[in-house]
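The structure under discussion appears below in the form of structure tokens.
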Amino acid sequence: MTNHSKYYYQYDRNMSATSDINPKMKMTKEELGLEKKAHETLTGGLYPVGARSMDLKSKKRKEKPVFTGVLKYFPDAILEIAKCSYIGQKQHNPNLPLHWDRSKSGDELDALTRHLLGAGTLDTDGIKHSAKVAWRALANLQKELENDEKANL
């Protein structure tokens with residue numbers, strides 16, 4: 001076994017403090033309860049931002065080009081979906097910060113289909129039915145991915 005100096009575990013090869021190890025206890029931040037596990041939501045579930053979708057390996061991250069593969073393709077549509085989220089928040093939870101209140105509606109595919117029947121027109125709140133179709137499709141996909149993740153734990 002190689003003998004290392006007392007700084008071996010405390011510093012990385014660039015001589016900066018190692019971020020995931022507490023040098024006094026030699027425990028990871030996750031073991032100390034200071035860091036969320038990859039499959040937990042970043043904000044405790046209020047805002048559904050799944051860390052599991054962001055791979056740690058560079059090659060895998062590059063296979064999910066969010067900006068060039070989605071935002072640059074559909075900038076106007078994404079803005080319209082964001083507007084839909086905002087108006088929906090004001091309708092269902094006007095006194096709370098913008099978030100997805102999953103208790104309000106869980107019938108994504110039925111709601112998507114109802115809005116699909118109105119595609120090309122505005123709903124009574126002034127939002128395009130097509131934007132609501134897209135929002136419901138994203139909501140459904142998010143739930144499917146979360147359910148798949150739970151099944152694989």
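Labeling convention for the structure tokens: chains A, B, ... as they appear, residues from 1 per chain, ligands from 1 in order of appearance.
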Residues near Lys128 (chain A), anyone? I mean within 10 Å using only C-alpha atoms, not counting same-chain ones fewer than 2 positions away, as a ChimeraX atom specification. /A:80-81,83-84,115,118-126,130-133
Write the selection just made, keeping N, CA and C atoms, as an mmCIF file, in the first residue's frame?
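Contents of result_35.cif, freshly written:
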data_model
loop_
_atom_site.group_PDB
_atom_site.id
_atom_site.type_symbol
_atom_site.label_atom_id
_atom_site.label_comp_id
_atom_site.auth_asym_id
_atom_site.auth_seq_id
_atom_site.Cartn_x
_atom_site.Cartn_y
_atom_site.Cartn_z
ATOM 1 N N GLU A 80 -44.425 30.244 -26.143
ATOM 2 C CA GLU A 80 -45.880 30.128 -26.017
ATOM 3 C C GLU A 80 -46.261 29.125 -24.930
ATOM 4 N N ILE A 81 -45.506 28.046 -24.806
ATOM 5 C CA ILE A 81 -45.750 27.077 -23.733
ATOM 6 C C ILE A 81 -45.466 27.715 -22.375
ATOM 7 N N LYS A 83 -45.765 30.879 -21.667
ATOM 8 C CA LYS A 83 -46.902 31.784 -21.440
ATOM 9 C C LYS A 83 -48.098 30.983 -20.925
ATOM 10 N N CYS A 84 -48.323 29.819 -21.504
ATOM 11 C CA CYS A 84 -49.396 28.923 -21.075
ATOM 12 C C CYS A 84 -49.220 28.538 -19.604
ATOM 13 N N HIS A 115 -57.954 19.783 -25.992
ATOM 14 C CA HIS A 115 -57.337 20.965 -26.598
ATOM 15 C C HIS A 115 -56.976 20.719 -28.065
ATOM 16 N N GLY A 118 -59.516 21.806 -30.423
ATOM 17 C CA GLY A 118 -59.573 23.249 -30.648
ATOM 18 C C GLY A 118 -58.321 23.807 -31.296
ATOM 19 N N ALA A 119 -57.445 22.954 -31.797
ATOM 20 C CA ALA A 119 -56.182 23.412 -32.407
ATOM 21 C C ALA A 119 -56.443 24.473 -33.462
ATOM 22 N N GLY A 120 -55.602 25.489 -33.455
ATOM 23 C CA GLY A 120 -55.742 26.578 -34.411
ATOM 24 C C GLY A 120 -56.601 27.724 -33.902
ATOM 25 N N THR A 121 -57.174 27.562 -32.705
ATOM 26 C CA THR A 121 -58.004 28.618 -32.123
ATOM 27 C C THR A 121 -57.503 28.953 -30.725
ATOM 28 N N LEU A 122 -58.066 30.028 -30.164
ATOM 29 C CA LEU A 122 -57.729 30.436 -28.811
ATOM 30 C C LEU A 122 -58.729 29.864 -27.819
ATOM 31 N N ASP A 123 -58.234 29.503 -26.641
ATOM 32 C CA ASP A 123 -59.099 29.080 -25.550
ATOM 33 C C ASP A 123 -59.700 30.345 -24.919
ATOM 34 N N THR A 124 -60.611 30.178 -23.978
ATOM 35 C CA THR A 124 -61.296 31.321 -23.366
ATOM 36 C C THR A 124 -60.359 32.246 -22.598
ATOM 37 N N ASP A 125 -59.203 31.741 -22.186
ATOM 38 C CA ASP A 125 -58.233 32.573 -21.458
ATOM 39 C C ASP A 125 -57.247 33.269 -22.391
ATOM 40 N N GLY A 126 -57.440 33.123 -23.702
ATOM 41 C CA GLY A 126 -56.577 33.784 -24.674
ATOM 42 C C GLY A 126 -55.339 32.995 -25.058
ATOM 43 N N SER A 130 -53.266 24.913 -29.110
ATOM 44 C CA SER A 130 -52.066 24.149 -29.487
ATOM 45 C C SER A 130 -50.967 24.265 -28.436
ATOM 46 N N ALA A 131 -50.855 25.415 -27.774
ATOM 47 C CA ALA A 131 -49.877 25.572 -26.691
ATOM 48 C C ALA A 131 -50.252 24.662 -25.523
ATOM 49 N N LYS A 132 -51.538 24.546 -25.263
ATOM 50 C CA LYS A 132 -51.999 23.672 -24.181
ATOM 51 C C LYS A 132 -51.793 22.204 -24.534
ATOM 52 N N VAL A 133 -51.930 21.879 -25.811
ATOM 53 C CA VAL A 133 -51.629 20.514 -26.270
ATOM 54 C C VAL A 133 -50.159 20.207 -25.983
#
Compare A:Ala151, A:Ile127, A:Leu141, A:Leu109 by their minimum atom-to-atom distance to Gly88 (chain A), counting only C-alpha atoms, and give me the closest one.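 Distance minimum relative to Gly88 (chain A) lands on A:Ile127.
Note that the spacing between CA of Ala139 (chain A) and CA of Gly106 (chain A) amounts to 9.1 Å.
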Figure out the distance between CA of Ala137 (chain A) and CA of Ile78 (chain A), please, to one decimal in Å.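 Taking CA of Ile78 (chain A) and CA of Ala137 (chain A), their separation equals 12.7 Å.
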Between CA of Phe74 (chain A) and CA of Ala134 (chain A), measure the distance and give it in Å to one decimal.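 These atoms are spaced 11.6 Å apart.
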Set the distance at 9 Å and use only C-alpha atoms: which residues neighbour Leu98 (chain A) once local chain neighbours fewer than 6 positions away are removed? I'd like the list as a list in words. Tyr47, Ser85, Tyr86, Gln89 and Lys90 of chain A
How would the residues just chosen look if you wrote them out with N, CA and C atoms as a short mmCIF file (atom, residue, chain, number, x, y, z; two decimals), in the first residue's frame?
data_model
loop_
_atom_site.label_atom_id
_atom_site.label_comp_id
_atom_site.auth_asym_id
_atom_site.auth_seq_id
_atom_site.Cartn_x
_atom_site.Cartn_y
_atom_site.Cartn_z
N TYR A 47 -40.70 22.19 -7.58
CA TYR A 47 -40.46 22.46 -8.98
C TYR A 47 -39.87 21.19 -9.58
N SER A 85 -47.99 28.21 -19.22
CA SER A 85 -47.70 27.87 -17.82
C SER A 85 -48.02 29.04 -16.90
N TYR A 86 -47.60 30.22 -17.31
CA TYR A 86 -47.81 31.42 -16.49
C TYR A 86 -49.30 31.72 -16.31
N GLN A 89 -50.89 29.20 -14.06
CA GLN A 89 -50.53 29.46 -12.66
C GLN A 89 -51.43 30.55 -12.08
N LYS A 90 -51.62 31.62 -12.84
CA LYS A 90 -52.46 32.72 -12.36
C LYS A 90 -53.91 32.26 -12.16
#
